Amino acid sequence: MTWVLDQASPFEGVLGLRANLFSDYQAFVAVFREQKLLDEELMQLCHLRVAQLHRCSSQANALAGSISDAKLSALPQWYRAPEFSALEKAALQLTECFCLDTHSISDEMAAAVVKEIGDRGLVALLEFLALCDGFVRFQIVLQTGESE
Amino acid sequence: MTGSRVKLPENAGDDPVSGSALALQPEALAAFNQLYGTLWSRGVLDHPSKEVARLRNARKTNCVFCKNVRFSQARSDGLEESQVEHIRDGYEGSDLSARQKLILRYTDVFLDDPHAIDASLKQAMRDEFSAEEIVELTAGLALFMGFSKIAVSLGGMPESLPIFEMPTPA
């Protein structure tokens, strides 16, 4: 139950209290898929990892269905799992550092992503991670949906 | 100064945001600018309150650029540099207002561990702000933090910058 409204409300209902903000948020999120800025499965994987790192079970459960069982079970140990491609491993490493200690991101980590998807891909991935990290925290602190 | 981790685009603009590597993804940058403009200039929460939260994030995330920017409307609406000086660890003992300290406590919980919000902080927030204002402040924190982290991640920032004023996003 969100403490903002004293009633159960999903993320959309809470952010929707600020209708123009919600509308512009949705438009921003949509750009990643409409413009195909990143591979769909890569986005799901990184978003899921963000939710796991923040112990946001509602988001993690919602996203888990889009990931294969093999990758899902291997995700906590992605760095040694053959299920993940070089791009996925580079992106997951960036995801973890972005969420937990951004200053720990090294030139080598960024270069590993650039090697796979170029400068534009790195920028898109960072923007996507910013949205995931920020709005997973939004859901947790406001206790939207079933995040508690 | 760390080296930039991407090559800046030729079509980059001449302000600090559109002139950054974000211009490599113009559609995303346009959508972000729209969202950020709505947050700042088509919102319900006063500018100084949002600026206090933004600057607290900037200092905790340690983004050189974000720490030194001041948005003009917050200044015009009364947020003074002497107050901004107190937006650092130890703020509870400063002469910032109770409302400003509450925003800083909420910002710290958001950044450190959003699961750690407790009943007294929730009640204090509800006593001070409307539901719409709390949502706007929290969405602001999500954007402030996220885009400070992007700036850090992309590298290329100087070790220090002078404080400078920018037009409020609109």
# chains A, B, ... in the order shown; residues from 1 in each chain; ligands from 1
>>> interface_residues(of="chain A", to="chain B", cutoff="6 Å", atoms="only C-alpha atoms", output="JSON, numbers by chain")
{"A": [4, 17, 24, 28, 119, 120, 126, 130, 134, 135, 140, 141]}
>>> residues_around(residues="Gly65 of chain A", least_positions_apart="5", cutoff="12 Å", atoms="only C-alpha atoms", output="list in words")
Glu41, Gln44, Leu45, Leu48, Gln59, Ala60, Ala70, Lys71 and Leu72 of chain A
>>> write_last_selection(atoms="C-alpha atoms", output="PDB file, in the first residue's frame")
ATOM      1  CA  GLU A  41      16.066  -8.810 -24.452  1.00  0.00           C
ATOM      2  CA  GLN A  44      14.750  -6.775 -20.014  1.00  0.00           C
ATOM      3  CA  LEU A  45      17.866  -8.425 -18.656  1.00  0.00           C
ATOM      4  CA  LEU A  48      15.660  -7.296 -14.119  1.00  0.00           C
ATOM      5  CA  GLN A  59       9.492  -5.597 -10.550  1.00  0.00           C
ATOM      6  CA  ALA A  60      11.762  -8.614 -10.563  1.00  0.00           C
ATOM      7  CA  ALA A  70      18.495 -20.817 -18.072  1.00  0.00           C
ATOM      8  CA  LYS A  71      19.455 -17.140 -18.025  1.00  0.00           C
ATOM      9  CA  LEU A  72      17.207 -16.405 -15.080  1.00  0.00           C
TER      10      LEU A  72
END
>>> atom_distance(atom1="atom CA of Asp39 of chain A", atom2="atom CA of Glu83 of chain A")
16.5 Å
>>> atom_distance(atom1="atom CA of Leu122 of chain A", atom2="atom CA of Ser85 of chain A")
16.2 Å
>>> select_by_dssp(residues="chain B", states="strand (DSSP E or B)", output="PyMOL selection string")
chain B and resi 69-71+164-166
>>> atom_distance(atom1="atom CA of Tyr91 of chain B", atom2="atom CA of Ile163 of chain B")
20.3 Å
>>> residues_around(residues="Phe128 of chain A", least_positions_apart="3", cutoff="8 Å", atoms="only C-alpha atoms", output="PDB file with N, CA and C atoms, in the first residue's frame")
ATOM      1  N   PHE A  32      12.940   4.098 -26.442  1.00  0.00           N
ATOM      2  CA  PHE A  32      13.930   3.004 -26.500  1.00  0.00           C
ATOM      3  C   PHE A  32      13.448   1.862 -27.386  1.00  0.00           C
ATOM      4  N   MET A  43      17.493  -5.111 -22.750  1.00  0.00           N
ATOM      5  CA  MET A  43      16.835  -4.177 -21.835  1.00  0.00           C
ATOM      6  C   MET A  43      16.139  -4.924 -20.706  1.00  0.00           C
ATOM      7  N   ALA A 124      22.864   5.011 -25.018  1.00  0.00           N
ATOM      8  CA  ALA A 124      21.492   4.493 -24.856  1.00  0.00           C
ATOM      9  C   ALA A 124      21.398   3.595 -23.631  1.00  0.00           C
ATOM     10  N   LEU A 125      22.387   2.751 -23.443  1.00  0.00           N
ATOM     11  CA  LEU A 125      22.349   1.849 -22.287  1.00  0.00           C
ATOM     12  C   LEU A 125      22.390   2.642 -20.982  1.00  0.00           C
ATOM     13  N   LEU A 131      16.942   5.355 -16.094  1.00  0.00           N
ATOM     14  CA  LEU A 131      15.491   5.220 -15.896  1.00  0.00           C
ATOM     15  C   LEU A 131      15.172   4.052 -14.974  1.00  0.00           C
ATOM     16  N   CYS A 132      15.813   2.916 -15.218  1.00  0.00           N
ATOM     17  CA  CYS A 132      15.530   1.727 -14.401  1.00  0.00           C
ATOM     18  C   CYS A 132      15.902   1.972 -12.943  1.00  0.00           C
TER      19      CYS A 132
END
>>> closest_residue(among="A:Gln35, A:Ser23, A:Gln52, A:Thr144", to="Glu96 of chain A", atoms="only C-alpha atoms")
A:Gln52
>>> residues_around(residues="Leu5 of chain A", least_positions_apart="4", cutoff="9 Å", atoms="only C-alpha atoms", output="count of residues only")
4
>>> residues_around(residues="Leu94 of chain A", least_positions_apart="3", cutoff="8 Å", atoms="only C-alpha atoms", output="list of chain:residue names")
A:Ala90, A:Ala91, A:Cys97, A:Phe98, A:Ile105, A:Met109, A:Ala110
>>> write_last_selection(atoms="C-alpha atoms", output="CSV table (one decimal), in the first residue's frame")
chain,number,residue,atom,x,y,z
A,90,ALA,CA,29.5,-6.2,-20.5
A,91,ALA,CA,26.1,-4.6,-20.0
A,97,CYS,CA,28.4,-0.6,-11.1
A,98,PHE,CA,25.9,2.0,-12.3
A,105,ILE,CA,32.9,2.2,-13.7
A,109,MET,CA,34.1,-1.5,-18.6
A,110,ALA,CA,32.8,1.3,-20.9
>>> select_by_dssp(residues="chain B", states="helix (DSSP H, G or I)", output="number ranges by chain")
B: 21-24, 26-41, 47-61, 64-68, 72-76, 81-84, 91-93, 98-112, 114-116, 119-128, 131-154
>>> decode(residues="segment 9-23 of chain A", atoms="C-alpha atoms", output="CSV table (one decimal), in the first residue's frame")
chain,number,residue,atom,x,y,z
A,9,SER,CA,-2.0,1.7,-6.1
A,10,PRO,CA,0.3,0.5,-8.9
A,11,PHE,CA,3.2,2.5,-10.2
A,12,GLU,CA,1.0,3.9,-13.0
A,13,GLY,CA,-1.6,5.1,-10.5
A,14,VAL,CA,1.0,6.9,-8.3
A,15,LEU,CA,3.1,8.5,-11.0
A,16,GLY,CA,-0.2,9.3,-12.7
A,17,LEU,CA,-1.1,11.7,-9.9
A,18,ARG,CA,1.2,14.0,-11.9
A,19,ALA,CA,-0.5,13.4,-15.3
A,20,ASN,CA,1.8,15.4,-17.6
A,21,LEU,CA,4.8,14.0,-15.9
A,22,PHE,CA,3.6,10.5,-16.3
A,23,SER,CA,2.8,11.1,-19.9
